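Asker: Sharing a structure, written as C-alpha cells. Questions coming.
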Amino acid sequence: MLDLGIVIVSYGTRDLLRTCLRTVYGSEGGLSLEVCVVDNGSPDGSAEMVATEFPQAHLIVNADNIGYPAANNQGLRAFGYPDGERAPRFALLLNPDTELPPRALVEMVAFIASQPGVGAAGPRLVRRDGSLDLACRRSFPSPAVAFYKLSGLARLFPHSRRFARYNLTYLDPGERAEVDALVGAFMMVRRETIHDVGLLDDSFFMYGEDLDWCYRIKAAGWKILYNPDVTVLHVKRAASRHSARARIEFWRAMRLFYRKHYAAVTAWPAHVMILAALDVRIGIERARQKLWPGSRR
C-alpha cells in the first residue's frame, strides 16, 4: 500500500509544472508515493512535457478543460478512492505552481499520521515575496464572515477575532491551529476521511470546491489542521490570473457554496439580499468578459 497518492491538475502551466514535479520527485524521507497528473487540455504542451520528462508519473489527458474538481476526481479515482481498499494511506491535492522543500512530504505525512482524529492538513504556504498565502488557513464563508471580508472590515481590523475570521489574520502564522478550511493548492487528506465524505463536488468548476470538501470533512467529525512547521512556495493563480472566466467562476462558486450550506438556515430577507448581491457580481464579470473577450479562457 502506498503512503501517498499525489494528484496534480494542470492547465497551461508547463514550466511551473516541470519545477513542481522536480521538487516532488526530489523529496527525501523514504515515502512510497505515486503521482497522477491530470492535464485539462493545456495549449502549451504540458502533457507532452510530462510524458517525455516524467514517464514515471501516471498521466491523464483531457481534450478540454473540465474543471479543477472534476479533474482532481479523475486522479483520485485512479488511485482507488473513495472506496478502494488499496488506495494510498493519504491523498494530496497539489497545484502545479507549488515548489516543495525536500522533506515537506514526509513531514506532512508524519504530522497527520500522528493524530488519528485529523482528516486533513495543510502547510504554511508562502508567496514568492515571502508573504503568507492567506488562503492556506481559513474559516468558512458564512454570510457574516463573508460580509466582514467583502466589506473591507477584515482588512481594517486584521487582529479582530470577529472581523478577521475568514483569513484568521489574528492568529500567529507560526503556530499550529485547528481551522475550518485549507486551500486545494496543498491539501493532504486521510484515506478513511475520503471514504467517509466522498470525492470533490464537481458542480464547482474552480474555486470553492476545497471549501466545500473541508465543510463536509468537518461535518463528518474530522479535524482539519494547519501545520506551519512545513513551508511550501505557492506562486498563486498561475493559470487563472488573466482569465475573465476565473472571476465569474469565483462568484459562481460562492453562490453555490452559499446555497448548498447556508441558504436553508438564513432568514428570508438576508437570503434574498445575498443572492442578489452574488448575481450582481456574476453579471458584472460576464459584462467584462463580453467587453474583453480575449480573456475568456
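Labels used: A, B, ... for chains in the order of the C-alpha cells, numbers from 1 for residues in each chain, and numbers from 1 for ligands as shown.
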Mind dumping a table of every region 64-162 of chain A residue within 8 Å of region 171-177 of chain A, with the nearest atom pair and its distance in Å to one decimal, using only C-alpha atoms, sorted by chain and rising number, as a tab-separated table?
Answerer:
residue	atom	partner	partner_atom	distance
A:Arg124	CA	A:Pro173	CA	7.7
A:Leu132	CA	A:Pro173	CA	7.8
A:His159	CA	A:Leu171	CA	7.8
Asker: What's the 9 Å shell around region 212-220 of chain A, counting only C-alpha atoms, without same-chain residues fewer than 3 positions away, as a list of chain:residue names?
Answerer: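 Close residues of region 212-220 of chain A: A:Gly119, A:Ala120, A:Phe140, A:Asp180, A:Ala181, A:Leu182, A:Thr193, A:Ile194, A:Asp196, A:Val197, A:Gly198, A:Leu199, A:Leu200, A:Asp201, A:Gly208, A:Glu209, A:Lys223, A:Ile224, A:Phe257, A:Lys260, A:His261.
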Asker: Please return as a list in words: the residues of region 144-279 of chain A that backbone DSSP assigns to strand (DSSP E or B).
Answerer: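 Written out, the strand (DSSP E or B) residues of region 144-279 of chain A are Ala177, Glu178, Ala181, Phe186, Met187, Met188, Val189, Arg190, Lys223, Ile224, Leu225, Tyr226, Asn227, Pro228, Asp229, Val230, Thr231, Val232, Leu233 and His234 of chain A.
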Asker: Write out as a ChimeraX atom specification the set of residues from region 48-297 of chain A that DSSP, computed on the backbone, places in alpha helix (DSSP H).
Answerer: /A:48-53,68-78,104-113,143-150,153-156,191-197,209-219,244-261,268-291
Asker: Just to confirm, what's the straight-line distance from CA of Gly67 (chain A) to CA of Asn40 (chain A) in Å (one decimal)?
Answerer: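 We find that CA of Gly67 (chain A) and CA of Asn40 (chain A) lie 7.4 Å from each other.
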Asker: Which one is closest to Gln115 (chain A): A:Tyr11, A:Trp222, A:Phe186, A:Tyr81? Count only C-alpha atoms.
Answerer: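 Answer, going by the shortest atom-to-atom distance: A:Trp222.
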Asker: Measure the distance from CA of Leu31 (chain A) to CA of Asp3 (chain A) in Å and round it to one decimal.
Answerer: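 Answer for the CA of Leu31 (chain A) to CA of Asp3 (chain A) separation: 6.2 Å.
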Asker: Would you mind telling me which residue in A:Met206, A:Leu76, A:Leu59, A:Leu100 lies nearest to Leu233 (chain A) when using only C-alpha atoms?
Answerer: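 Comparing A:Met206, A:Leu76, A:Leu59, A:Leu100 against Leu233 (chain A), the winner is A:Leu100.
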Asker: Between CA of Arg191 (chain A) and CA of Val7 (chain A), what is the distance in Å, rounded to a tenth?
Answerer: 13.8 Å
Asker: When you look at Tyr170 (chain A) with a cut-off of 10 Å (counting only C-alpha atoms), what residues show up, excluding the ones that are within fewer than 5 positions of it in the same chain? I need them as a PyMOL selection string.
Answerer: chain A and resi 154+157-165
Asker: I'd like to know which of A:Arg281, A:Tyr166, A:Phe205, A:Ser139 is closest to Gly152 (chain A), using only C-alpha atoms.
Answerer: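 Comparing A:Arg281, A:Tyr166, A:Phe205, A:Ser139 against Gly152 (chain A), the winner is A:Tyr166.
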Asker: Calculated over only C-alpha atoms, which of the candidates A:Leu291, A:Met187, A:Met254, A:Ala277 has the smallest distance to Ser142 (chain A)?
Answerer: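 Among the listed residues, the smallest separation from Ser142 (chain A) belongs to A:Met254.
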Asker: Find the residues around Thr98 (chain A) up to 8 Å (only C-alpha atoms counted), leave out those fewer than 5 positions away in its own chain, and share them as an NGL selection string.
Answerer: :A and (16 or 20 or 185 or 232-235)
Asker: Nearest residue to Asp133 (chain A) out of A:Val272, A:Ser203, A:Pro55, A:Pro228, using only C-alpha atoms?
Answerer: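 Closest to Asp133 (chain A), using only C-alpha atoms: A:Pro228.
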